[in-house]
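Peer 1: upload_30.cif is reproduced in full below (mmCIF, C-alpha atoms).
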```cif
data_upload
#
loop_
_atom_site.label_atom_id
_atom_site.label_comp_id
_atom_site.auth_asym_id
_atom_site.auth_seq_id
_atom_site.Cartn_x
_atom_site.Cartn_y
_atom_site.Cartn_z
CA MET A 13 104.11 71.00 105.64
CA SER A 14 100.48 71.57 104.97
CA ASN A 15 99.13 75.05 104.95
CA ASP A 16 95.51 73.96 104.85
CA ILE A 17 93.15 76.13 106.78
CA ASP A 18 91.15 73.89 109.06
CA ARG A 19 87.56 74.63 109.88
CA ARG A 20 88.45 76.28 113.14
CA GLY A 21 91.05 78.47 111.50
CA PHE A 22 88.63 79.36 108.80
CA LEU A 23 85.96 80.34 111.29
CA GLU A 24 88.47 82.51 113.07
CA CYS A 25 89.35 84.07 109.79
CA MET A 26 85.67 84.69 109.16
CA ALA A 27 85.29 86.27 112.55
CA TRP A 28 87.34 89.28 111.58
CA ALA A 29 86.08 89.42 108.04
CA GLY A 30 83.15 91.51 109.21
CA SER A 31 80.45 92.13 106.68
CA GLY A 32 82.51 90.90 103.74
CA LEU A 33 81.54 88.49 101.05
CA VAL A 34 83.39 85.39 100.02
CA TRP A 35 83.95 85.19 96.31
CA VAL A 36 84.65 81.78 94.91
CA LEU A 37 85.81 81.21 91.39
CA SER A 38 85.04 77.71 90.23
CA GLY A 39 85.01 76.58 86.65
CA GLY A 40 84.90 80.18 85.53
CA VAL A 41 81.73 81.01 87.42
CA LEU A 42 82.07 83.43 90.27
CA SER A 43 79.60 83.13 93.05
CA SER A 44 79.29 85.09 96.22
CA ARG A 45 77.99 83.87 99.54
CA ASP A 46 77.66 85.80 102.69
CA LEU A 47 80.10 84.90 105.41
CA ALA A 48 77.66 83.15 107.70
CA GLU A 49 76.77 80.79 104.89
CA ALA A 50 80.38 80.29 103.91
CA ALA A 51 81.38 79.54 107.47
CA GLU A 52 79.00 76.59 107.49
CA THR A 53 80.77 75.00 104.56
CA PRO A 54 83.25 72.53 105.96
CA SER A 55 86.87 72.21 104.91
CA VAL A 56 87.06 75.37 102.91
CA GLY A 57 90.70 76.27 102.78
CA GLY A 58 93.66 76.36 100.54
CA ASP A 59 97.09 75.00 99.88
CA PHE A 60 98.30 78.48 100.49
CA SER A 61 97.01 81.94 100.99
CA PHE A 62 98.46 85.36 100.41
CA VAL A 63 97.45 88.86 101.39
CA GLN A 64 96.82 91.87 99.19
CA ILE A 65 97.43 95.22 100.84
CA SER A 66 96.95 98.41 98.88
CA ASP A 67 97.05 102.19 98.88
CA THR A 68 98.80 102.64 102.19
CA HIS A 69 99.55 106.28 101.22
CA ILE A 70 102.16 106.73 103.93
CA GLY A 71 102.70 110.45 104.36
CA PHE A 72 99.04 111.29 103.92
CA LYS A 73 97.86 113.72 106.57
CA GLY A 74 94.61 115.01 105.12
CA ALA A 75 91.33 115.41 106.93
CA ALA A 76 90.07 112.08 105.59
CA ASN A 77 92.55 110.31 107.90
CA PRO A 78 95.00 112.27 110.03
CA ASP A 79 96.55 108.97 111.17
CA ALA A 80 97.17 106.93 108.03
CA LEU A 81 100.16 105.35 109.76
CA GLY A 82 97.92 104.18 112.59
CA THR A 83 95.43 102.49 110.30
CA PHE A 84 98.30 100.94 108.35
CA GLU A 85 99.60 99.49 111.61
CA ALA A 86 96.13 98.15 112.37
CA ALA A 87 96.20 96.39 109.00
CA ILE A 88 99.61 94.93 109.84
CA ALA A 89 98.22 93.58 113.11
CA ARG A 90 95.42 91.90 111.16
CA ILE A 91 97.87 90.24 108.82
CA LYS A 92 100.07 89.13 111.70
CA ALA A 93 97.09 87.44 113.35
CA LEU A 94 96.32 85.27 110.32
CA ASP A 95 96.63 81.56 110.92
CA PRO A 96 97.94 79.95 108.87
CA LYS A 97 100.45 82.57 107.99
CA PRO A 98 100.12 83.90 104.44
CA ALA A 99 102.85 82.75 102.07
CA PHE A 100 103.61 86.32 101.01
CA LEU A 101 102.15 89.78 100.66
CA ILE A 102 101.30 91.70 97.52
CA HIS A 103 101.22 95.49 97.73
CA THR A 104 99.29 96.95 94.82
CA GLY A 105 100.72 100.43 94.98
CA ASP A 106 100.37 103.94 96.27
CA ILE A 107 102.73 102.71 98.91
CA THR A 108 103.53 106.36 99.63
CA HIS A 109 101.59 109.56 99.42
CA ALA A 110 103.43 111.55 96.76
CA GLN A 111 106.78 109.94 97.55
CA LYS A 112 107.02 111.64 100.92
CA ALA A 113 110.60 111.40 102.17
CA GLY A 114 111.24 108.16 104.03
CA ALA A 115 107.84 106.68 103.26
CA PHE A 116 109.14 103.70 101.27
CA ASP A 117 111.39 102.84 104.23
CA THR A 118 108.52 103.19 106.67
CA VAL A 119 106.37 100.77 104.70
CA SER A 120 108.96 98.10 104.03
CA GLU A 121 110.13 98.18 107.64
CA ALA A 122 106.61 98.12 109.06
CA LEU A 123 105.55 95.22 106.87
CA LYS A 124 108.24 93.09 108.51
CA GLY A 125 105.97 93.30 111.54
CA THR A 126 103.51 91.00 109.80
CA GLY A 127 105.96 88.14 110.19
CA VAL A 128 105.61 87.44 106.48
CA GLU A 129 108.98 87.29 104.82
CA ARG A 130 108.32 88.53 101.34
CA THR A 131 106.30 91.37 99.86
CA PHE A 132 105.88 91.83 96.13
CA TYR A 133 105.23 95.40 95.07
CA VAL A 134 103.86 97.22 92.07
CA PRO A 135 103.85 101.03 92.09
CA GLY A 136 100.96 103.44 92.11
CA GLU A 137 101.14 106.86 90.48
CA ASN A 138 101.88 108.39 93.90
CA ASP A 139 105.08 106.33 94.04
CA VAL A 140 106.53 107.43 90.72
CA PHE A 141 105.15 110.73 89.42
CA ALA A 142 107.63 113.03 91.14
CA ASP A 143 110.79 111.47 89.69
CA GLY A 144 109.56 109.30 86.84
CA GLY A 145 109.93 106.21 89.01
CA THR A 146 113.65 106.46 89.77
CA GLU A 147 113.38 106.00 93.54
CA TYR A 148 110.82 103.21 93.28
CA LEU A 149 112.61 101.30 90.54
CA ASN A 150 116.00 101.53 92.27
CA ARG A 151 114.46 100.12 95.40
CA PHE A 152 112.06 97.49 94.14
CA ALA A 153 112.83 96.63 90.54
CA VAL A 154 116.57 96.12 90.28
CA GLY A 155 117.31 92.99 88.27
CA GLY A 156 113.72 92.62 87.09
CA PRO A 157 112.68 92.02 83.51
CA GLY A 158 111.49 95.57 82.92
CA ARG A 159 110.45 98.76 84.64
CA GLY A 160 108.94 97.15 87.70
CA TRP A 161 106.91 94.42 86.05
CA GLN A 162 107.57 90.93 87.29
CA THR A 163 106.48 87.34 87.32
CA PHE A 164 106.85 84.41 89.69
CA ASP A 165 105.34 81.02 90.32
CA TYR A 166 104.16 79.68 93.62
CA ARG A 167 102.83 76.16 94.11
CA GLY A 168 101.54 75.90 90.59
CA VAL A 169 100.00 79.36 90.42
CA HIS A 170 101.51 81.86 88.01
CA PHE A 171 101.70 85.45 89.30
CA VAL A 172 102.21 88.51 87.13
CA GLY A 173 102.75 92.02 88.48
CA LEU A 174 102.06 94.76 85.95
CA VAL A 175 102.91 98.47 86.05
CA ASN A 176 100.36 100.88 84.59
CA VAL A 177 101.39 104.18 86.17
CA LEU A 178 104.62 105.09 84.37
CA ASN A 179 103.07 106.37 81.16
CA PHE A 180 100.80 109.17 82.35
CA LYS A 181 100.57 111.75 79.54
CA ALA A 182 98.45 114.88 79.22
CA GLY A 183 94.86 114.08 78.35
CA LYS A 184 95.52 110.32 78.37
CA LEU A 185 94.86 107.38 80.62
CA GLY A 186 97.42 105.21 82.37
CA SER A 187 98.79 102.43 80.24
CA LEU A 188 101.07 99.41 80.24
CA GLY A 189 102.89 100.31 77.05
CA PRO A 190 103.96 98.08 74.17
CA ASP A 191 107.18 96.82 75.81
CA GLN A 192 105.36 95.45 78.81
CA ILE A 193 102.53 93.94 76.76
CA GLU A 194 105.05 92.22 74.53
CA TRP A 195 106.82 90.89 77.61
CA LEU A 196 103.49 89.66 79.01
CA GLU A 197 102.68 87.81 75.82
CA ARG A 198 106.08 86.09 75.90
CA ASP A 199 105.75 85.30 79.60
CA LEU A 200 102.36 83.63 79.23
CA ALA A 201 103.01 81.82 75.96
CA PRO A 202 104.60 78.63 77.37
CA LEU A 203 101.97 78.14 80.07
CA ALA A 204 99.24 75.49 79.87
CA SER A 205 95.76 77.00 79.84
CA SER A 206 94.99 75.06 83.00
CA THR A 207 97.56 77.10 84.96
CA PRO A 208 95.83 79.37 87.46
CA VAL A 209 97.00 82.94 86.91
CA VAL A 210 96.93 85.86 89.31
CA VAL A 211 97.57 89.32 87.85
CA PHE A 212 98.15 92.32 90.08
CA ALA A 213 98.53 95.99 89.19
CA HIS A 214 97.68 99.34 90.74
CA VAL A 215 95.11 100.93 88.41
CA PRO A 216 92.22 98.62 87.45
CA LEU A 217 92.90 96.78 84.21
CA TRP A 218 89.20 96.89 83.38
CA ALA A 219 87.12 99.99 82.77
CA VAL A 220 85.76 100.84 86.20
CA TYR A 221 85.23 104.52 85.43
CA PRO A 222 87.32 105.99 82.61
CA GLU A 223 86.07 109.52 83.32
CA TRP A 224 88.13 109.43 86.51
CA GLY A 225 91.03 107.56 84.98
CA TRP A 226 89.92 104.31 86.64
CA VAL A 227 90.96 102.21 83.67
CA THR A 228 94.12 101.10 81.89
CA GLU A 229 94.16 102.34 78.33
CA ASP A 230 95.67 99.18 76.85
CA GLY A 231 94.38 96.84 79.58
CA ALA A 232 92.11 95.01 77.14
CA GLN A 233 95.10 94.03 75.04
CA ALA A 234 96.82 92.50 78.06
CA LEU A 235 93.65 90.72 79.09
CA GLY A 236 93.40 89.28 75.60
CA TYR A 237 96.43 87.11 76.36
CA LEU A 238 94.75 85.86 79.54
CA LYS A 239 91.43 84.78 78.05
CA ARG A 240 92.55 81.25 77.23
CA PHE A 241 93.30 80.44 80.86
CA GLY A 242 90.70 78.63 82.93
CA SER A 243 91.25 80.65 86.08
CA VAL A 244 92.46 84.23 86.13
CA THR A 245 92.23 86.47 89.17
CA VAL A 246 93.01 90.16 88.67
CA LEU A 247 93.78 92.21 91.78
CA ASN A 248 93.93 96.00 91.65
CA GLY A 249 93.99 98.96 94.02
CA HIS A 250 93.79 102.67 93.20
CA ILE A 251 90.07 103.23 93.77
CA HIS A 252 90.03 102.50 97.54
CA GLN A 253 86.85 100.46 97.43
CA ILE A 254 85.79 96.91 96.70
CA MET A 255 84.41 96.20 93.26
CA GLN A 256 84.14 92.88 91.47
CA LYS A 257 83.40 91.82 87.96
CA VAL A 258 83.59 88.57 86.01
CA GLU A 259 84.34 88.28 82.32
CA GLY A 260 84.63 84.73 81.03
CA ASN A 261 87.16 83.01 83.27
CA ILE A 262 88.62 86.27 84.52
CA SER A 263 87.51 87.71 87.83
CA PHE A 264 88.43 91.27 88.73
CA HIS A 265 88.74 92.61 92.25
CA THR A 266 89.63 96.07 93.46
CA ALA A 267 90.80 96.47 97.04
CA LEU A 268 90.27 98.72 100.01
CA SER A 269 92.96 101.17 101.05
CA THR A 270 94.45 101.21 104.54
CA ALA A 271 94.53 105.04 104.48
CA PHE A 272 91.26 106.58 103.27
CA PRO A 273 88.19 105.74 101.18
CA GLN A 274 87.27 107.28 97.85
CA PRO A 275 83.81 108.06 96.49
CA ALA A 276 81.82 105.63 94.39
CA PRO A 277 82.39 106.16 90.65
CA GLY A 278 80.81 109.36 89.42
CA VAL A 279 79.71 110.59 92.85
CA GLY A 280 81.04 114.12 93.25
CA GLU A 281 83.48 116.05 91.10
CA GLY A 282 86.27 113.52 91.10
CA PRO A 283 88.17 110.85 92.98
CA GLY A 284 90.16 111.68 96.08
CA PRO A 285 90.09 111.32 99.84
CA LEU A 286 86.52 110.92 101.09
CA LYS A 287 85.79 112.18 104.57
CA VAL A 288 83.57 109.87 106.57
CA PRO A 289 82.60 110.22 110.23
CA VAL A 290 85.63 109.21 112.29
CA GLU A 291 83.83 106.26 113.89
CA GLN A 292 83.12 104.85 110.43
CA LEU A 293 86.63 105.22 109.02
CA ARG A 294 88.03 101.81 109.92
CA GLY A 295 84.93 100.21 108.46
CA VAL A 296 85.92 101.41 104.99
CA LEU A 297 89.59 100.45 105.22
CA GLY A 298 91.03 96.97 105.09
CA VAL A 299 93.14 94.21 103.62
CA ARG A 300 92.35 91.10 101.60
CA GLU A 301 93.23 87.44 101.95
CA VAL A 302 93.30 85.23 98.87
CA SER A 303 93.38 81.44 99.23
CA TYR A 304 94.20 78.83 96.64
CA VAL A 305 92.96 75.25 96.71
CA GLN A 306 95.26 73.08 94.66
CA GLY A 307 93.55 71.19 91.86
CA LYS A 308 90.28 73.01 92.31
CA SER A 309 91.02 75.91 90.01
CA ARG A 310 89.55 78.45 92.30
CA LEU A 311 90.75 81.24 94.47
CA THR A 312 88.84 82.47 97.45
CA VAL A 313 88.95 86.20 98.04
CA VAL A 314 88.00 87.51 101.46
CA ASP A 315 88.05 91.22 102.20
CA SER A 316 88.58 92.19 105.79
CA ARG A 317 87.69 95.62 107.12
CA LEU A 318 89.65 97.13 109.98
CA ALA A 319 86.48 97.54 112.04
CA MET B 14 100.98 128.95 108.32
CA ARG B 15 101.35 125.60 106.66
CA ALA B 16 100.59 126.87 103.21
CA GLY B 17 102.98 129.79 103.60
CA THR B 18 105.85 127.67 104.82
CA ARG B 19 105.29 125.05 102.25
CA GLY B 20 104.80 127.61 99.53
CA HIS B 21 108.18 129.09 100.32
CA ARG B 22 109.77 125.67 100.26
CA LEU B 23 108.14 124.93 96.91
CA LEU B 24 109.47 128.19 95.63
CA LEU B 25 113.00 127.24 96.62
CA MET B 26 112.66 123.78 95.16
CA GLY B 27 111.28 125.24 91.97
CA SER B 28 114.16 127.68 91.71
CA VAL B 29 116.74 124.95 92.11
CA LEU B 30 115.01 122.83 89.53
CA LEU B 31 114.83 125.66 87.07
CA ALA B 32 118.44 126.61 87.62
CA LEU B 33 119.45 123.08 86.81
CA VAL B 34 117.19 122.43 83.89
CA LEU B 35 116.39 125.59 82.06
CA THR B 36 118.46 127.68 79.75
CA GLY B 37 117.09 131.14 80.00
CA ALA B 38 113.61 130.59 78.67
CA TYR B 39 112.45 130.77 82.24
CA ALA B 40 114.75 133.07 84.12
CA SER B 41 113.39 132.50 87.58
CA VAL B 42 110.48 131.51 89.68
CA ALA B 43 108.79 134.49 91.26
CA GLY B 44 106.66 134.43 94.37
CA PRO B 45 104.34 137.12 95.68
CA SER B 46 107.09 138.59 97.86
CA ASP B 47 109.05 139.99 94.95
CA GLY B 48 105.92 140.96 93.06
CA GLY B 49 106.33 144.72 93.03
CA GLY B 50 105.11 145.83 89.65
CA ALA B 51 105.60 142.47 87.97
CA PRO B 52 102.47 141.09 86.34
CA GLN B 53 100.73 138.34 88.26
CA ALA B 54 98.01 135.88 87.36
CA ARG B 55 96.34 133.05 89.17
CA VAL B 56 94.91 129.65 88.32
CA GLU B 57 92.64 127.86 90.76
CA ILE B 58 92.72 124.08 90.93
CA LYS B 59 89.28 123.02 91.99
CA ASP B 60 87.03 120.02 91.44
CA PHE B 61 89.67 118.30 89.30
CA ALA B 62 90.02 121.21 86.88
CA TYR B 63 92.30 124.17 86.28
CA GLN B 64 90.31 127.38 86.26
CA PRO B 65 90.57 129.06 83.87
CA ALA B 66 91.42 126.23 81.51
CA THR B 67 93.02 128.71 79.15
CA LEU B 68 94.78 131.73 80.57
CA THR B 69 96.30 134.45 78.39
CA VAL B 70 99.01 136.61 79.99
CA ARG B 71 101.72 138.95 78.82
CA THR B 72 105.39 138.12 78.76
CA GLY B 73 107.01 138.20 82.18
CA THR B 74 103.89 137.25 84.09
CA THR B 75 104.19 135.05 87.11
CA VAL B 76 101.35 132.57 87.33
CA THR B 77 100.36 131.16 90.71
CA TRP B 78 98.42 127.93 91.02
CA VAL B 79 96.47 127.16 94.18
CA ASN B 80 95.09 123.68 94.88
CA HIS B 81 91.70 123.86 96.56
CA ASP B 82 90.97 120.13 96.30
CA ASP B 83 91.65 117.64 99.08
CA GLU B 84 93.32 115.45 96.46
CA LEU B 85 96.92 115.95 95.36
CA HIS B 86 97.46 117.67 92.04
CA THR B 87 100.46 118.82 90.06
CA VAL B 88 101.20 121.46 87.45
CA THR B 89 103.30 119.61 84.91
CA ALA B 90 104.26 121.04 81.53
CA SER B 91 103.49 118.66 78.66
CA ALA B 92 106.81 119.58 77.07
CA GLY B 93 108.66 118.90 80.31
CA ARG B 94 109.78 122.49 80.90
CA PHE B 95 108.31 122.89 84.37
CA ALA B 96 106.79 120.59 86.94
CA SER B 97 105.47 121.20 90.41
CA PRO B 98 105.72 118.64 93.15
CA GLY B 99 102.47 117.14 94.42
CA LEU B 100 100.40 120.02 95.78
CA GLU B 101 98.32 119.29 98.84
CA HIS B 102 95.21 121.24 99.77
CA ASP B 103 95.95 125.00 99.85
CA GLU B 104 99.48 124.59 98.57
CA THR B 105 100.72 126.78 95.75
CA PHE B 106 103.16 126.72 92.88
CA PHE B 107 104.67 129.66 90.99
CA GLN B 108 106.00 129.87 87.48
CA ARG B 109 107.26 132.93 85.59
CA PHE B 110 106.73 132.99 81.84
CA ALA B 111 109.51 135.00 80.25
CA GLU B 112 108.93 133.96 76.65
CA ALA B 113 105.89 134.21 74.42
CA GLY B 114 104.34 130.93 73.47
CA THR B 115 101.63 128.40 74.21
CA TYR B 116 102.30 126.18 77.20
CA THR B 117 100.08 123.19 77.79
CA TYR B 118 100.24 121.45 81.13
CA PHE B 119 98.48 118.68 83.00
CA CYS B 120 98.22 116.93 86.34
CA ALA B 121 100.74 114.10 86.54
CA LEU B 122 98.41 112.25 88.91
CA HIS B 123 95.18 112.85 86.96
CA PRO B 124 96.35 113.25 83.39
CA ARG B 125 92.92 113.98 82.05
CA MET B 126 93.21 117.35 83.78
CA THR B 127 94.77 119.61 81.16
CA ALA B 128 95.00 123.37 80.61
CA THR B 129 96.94 125.99 78.67
CA ILE B 130 98.84 129.21 79.37
CA ILE B 131 99.16 131.52 76.37
CA VAL B 132 101.95 134.06 76.77
CA GLN B 133 101.83 137.07 74.42
#
```
Written as structure tokens, that's how I'd like the structure from this file.
Peer 2:
Amino acid sequence: MSNDIDRRGFLECMAWAGSGLVWVLSGGVLSSRDLAEAAETPSVGGDFSFVQISDTHIGFKGAANPDALGTFEAAIARIKALDPKPAFLIHTGDITHAQKAGAFDTVSEALKGTGVERTFYVPGENDVFADGGTEYLNRFAVGGPGRGWQTFDYRGVHFVGLVNVLNFKAGKLGSLGPDQIEWLERDLAPLASSTPVVVFAHVPLWAVYPEWGWVTEDGAQALGYLKRFGSVTVLNGHIHQIMQKVEGNISFHTALSTAFPQPAPGVGEGPGPLKVPVEQLRGVLGVREVSYVQGKSRLTVVDSRLA
Amino acid sequence: MRAGTRGHRLLLMGSVLLALVLTGAYASVAGPSDGGGAPQARVEIKDFAYQPATLTVRTGTTVTWVNHDDELHTVTASAGRFASPGLEHDETFFQRFAEAGTYTYFCALHPRMTATIIVQ
């Protein structure tokens, strides 16, 4: 069965994408077009698409969003409305706000409402700091190759989920750790360089703003193993805002939260919930759809805001 | 109301944790209610920093941390001897220091936030 997005479906998809940009990776060159322009391009679509959702922070009740569950449910409604249906969801962490009791259950139950069968998770620091990851790992990582890291293939695309929030030490940055990097090297070694690779993790793998911990200490080492591939898409959360960067054939994308925004790097004393006027809140929250066109070595990334 | 209730709950949680984990170095967690003549000190968590960054107290002092940020923070000993849960805005954590020594701690969510308690 074909999952191709036809022009009509694509235009519908564009309709809720708001003021977003379409990022297209082709032959290692990332280009952005505004949505009106992209919508005029016929037969843009993919063999499959998936959705990235991030930083749902269930349990958050701060002034920046007293109804984080409500905005999460709005994101679920968005995902449910997608046609064609995404193949799966990827949650890039901070599922819960400080491991509030019952929050993991709330999220995994609510995500069933998208109609999408499978969600792949990686943890954020909020999901693991209180108990060193015990609750998260017992729920999501049993039988995996390591402490929450994972790999799978889907229609010729190789996916790797990395965990960079389990090694927080005083005065240091988050890191992957040598075990995971060694595993990554082994995992990638047999792959042809033409294999499209998607890497997802909570904290950005590239240095967005080290002063606020928006970097993975040994991320560069991991990325070193990815450089030989012709198409690498790196999806992160953690910073609750969209940022993109291209380095060689690797494109980096950070995602919106469904709970609350955070300030731009270096604006204010530190990261954390940013209060915006209530009527603007849903405009700075959202989810992301990523589409893959077989044989074209490109992934299309469309960010969708909740309002 | 919220801070008080939560603070009390944190106190109980902290006591249970200490009872399980510690071996006398930290005899108990003390809150303001049993202050009496016991020495007290306070650390403010504000703008992603512990203030003061270095606090010197005498043996037996109970230190209270108060989080003034909207972001979650923790008070987590580098050596693993005490750890608060995530503290929301206006929430507090107490720790009594019964033994002399230098105790470094950090925020488990923002590990670049570090500070020290010196107990003399």
Peer 1: Compile the contact shell of Ile102 in chain A as a PDB file with C-alpha atoms, in the coordinates of the input: residues with an atom at most 9 Å away, counting all atoms listed in the file, same-chain residues fewer than 2 positions apart removed.
Peer 2:
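Okay, this is what ended up in part.pdb:
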```
ATOM      1  CA  PHE A  62      98.460  85.360 100.410  1.00  0.00           C
ATOM      2  CA  VAL A  63      97.450  88.860 101.390  1.00  0.00           C
ATOM      3  CA  GLN A  64      96.820  91.870  99.190  1.00  0.00           C
ATOM      4  CA  ILE A  65      97.430  95.220 100.840  1.00  0.00           C
ATOM      5  CA  SER A  66      96.950  98.410  98.880  1.00  0.00           C
ATOM      6  CA  PHE A 100     103.610  86.320 101.010  1.00  0.00           C
ATOM      7  CA  THR A 104      99.290  96.950  94.820  1.00  0.00           C
ATOM      8  CA  ARG A 130     108.320  88.530 101.340  1.00  0.00           C
ATOM      9  CA  THR A 131     106.300  91.370  99.860  1.00  0.00           C
ATOM     10  CA  PHE A 132     105.880  91.830  96.130  1.00  0.00           C
ATOM     11  CA  TYR A 133     105.230  95.400  95.070  1.00  0.00           C
ATOM     12  CA  VAL A 134     103.860  97.220  92.070  1.00  0.00           C
ATOM     13  CA  PHE A 212      98.150  92.320  90.080  1.00  0.00           C
TER      14      PHE A 212
END
```
Peer 1: Determine the residue set returned by the PyMOL selection byres ((chain B) within 9 of (chain A)) for the present structure, and present it as a VMD selection string.
Peer 2: chain B and resid 60 to 61 82 to 85 89 to 91 96 to 99 101 to 102 117 to 127
Peer 1: What is the distance between CA of Glu112 in chain B and CA of Ala66 in chain B, in Å to one decimal?
Peer 2: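 Spanning CA of Glu112 in chain B to CA of Ala66 in chain B is a straight-line distance of 19.7 Å.
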Peer 1: Within 6 Å of range 156-162 of chain A, counting all atoms listed in the file, which residues qualify if same-chain residues fewer than 4 places away don't, as a list of chain:residue names?
Peer 2: A:Val172, A:Gly173, A:Leu174, A:Val175
Peer 1: Please evaluate the PyMOL selection byres ((chain A and resi 238) around 9) against the displayed coordinates and give the resulting residues as a ChimeraX atom specification.
Peer 2: /A:197,200,205,209,234-237,239-242,244,261-262
Peer 1: Name the residues captured by the PyMOL selection byres ((chain A and resi 117) around 12) when it is applied to the shown file; answer as a list in words.
Peer 2: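 On this input, the PyMOL selection byres ((chain A and resi 117) around 12) captures Ile70, Gly71, Ile107, Thr108, Gln111, Lys112, Ala113, Gly114, Ala115, Phe116, Thr118, Val119, Ser120, Glu121, Ala122, Leu123, Lys124, Glu147, Tyr148, Arg151 and Phe152 of chain A.
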Peer 1: How many Å separate CA of Tyr116 in chain B from CA of Val56 in chain B?
Peer 2: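 Between these atoms lies a distance of 13.8 Å.
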Peer 1: Please return, as a list in words, all polymer residues that have at least one atom within 7 Å of the point (101.6, 135.0, 74.4); use all atoms listed in the file and the file's own coordinate frame.
Peer 2: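 These residues have at least one counted atom within 7 Å: Thr69, Val70, Arg71, Thr72, Ala113, Gly114, Thr115, Ile131, Val132 and Gln133 of chain B.
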Peer 1: How far is it from CA of Leu311 in chain A to CA of Gly105 in chain A, in Å with one decimal?
Peer 2: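 Between these atoms lies a distance of 21.6 Å.
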Peer 1: Nearest residue to Ala204 in chain A out of A:Leu188, A:Val169, A:Ile91, A:Leu268, using all atoms listed in the file?
Peer 2: A:Val169
Peer 1: At a cut-off of 12 Å around the point (85.6, 96.9, 92.3) (file coordinates), what residues fall inside when counting all atoms listed in the file? I'd like the answer as a ChimeraX atom specification.
Peer 2: /A:215-221,226-227,246-258,263-268,274,276-277,315
Peer 1: Give me, as a list in words, all polymer residues having an atom no more than 9 Å from Thr67 in chain B, counting all atoms listed in the file and skipping those fewer than 5 positions away in the same chain.
Peer 2: Ala128, Thr129, Ile130 and Ile131 of chain B
Peer 1: Ranking A:Pro202, A:Gly127, A:Pro275, A:Gly168 by minimum distance to Val305 in chain A and counting all atoms listed in the file, which one comes first?
Peer 2: A:Gly168
Peer 1: Could you pull the residues within 7 Å of Thr105 in chain B, counting all atoms listed in the file, minus those fewer than 6 positions along the same chain, as a compact mmCIF listing (two decimals) with C-alpha atoms, in the coordinates of the input?
Peer 2:
```txt
# COMPACT_ATOMS: atom_id res chain seq x y z
CA GLY B 20 104.80 127.61 99.53
CA THR B 77 100.36 131.16 90.71
CA TRP B 78 98.42 127.93 91.02
CA VAL B 79 96.47 127.16 94.18
CA ASN B 80 95.09 123.68 94.88
```
Peer 1: I need the residue nearest His214 in chain A from this list: A:Leu81, A:Leu196, A:Leu178, A:Ala89. Use only C-alpha atoms for the distance.
Peer 2: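 Nearest to His214 in chain A: A:Leu178.
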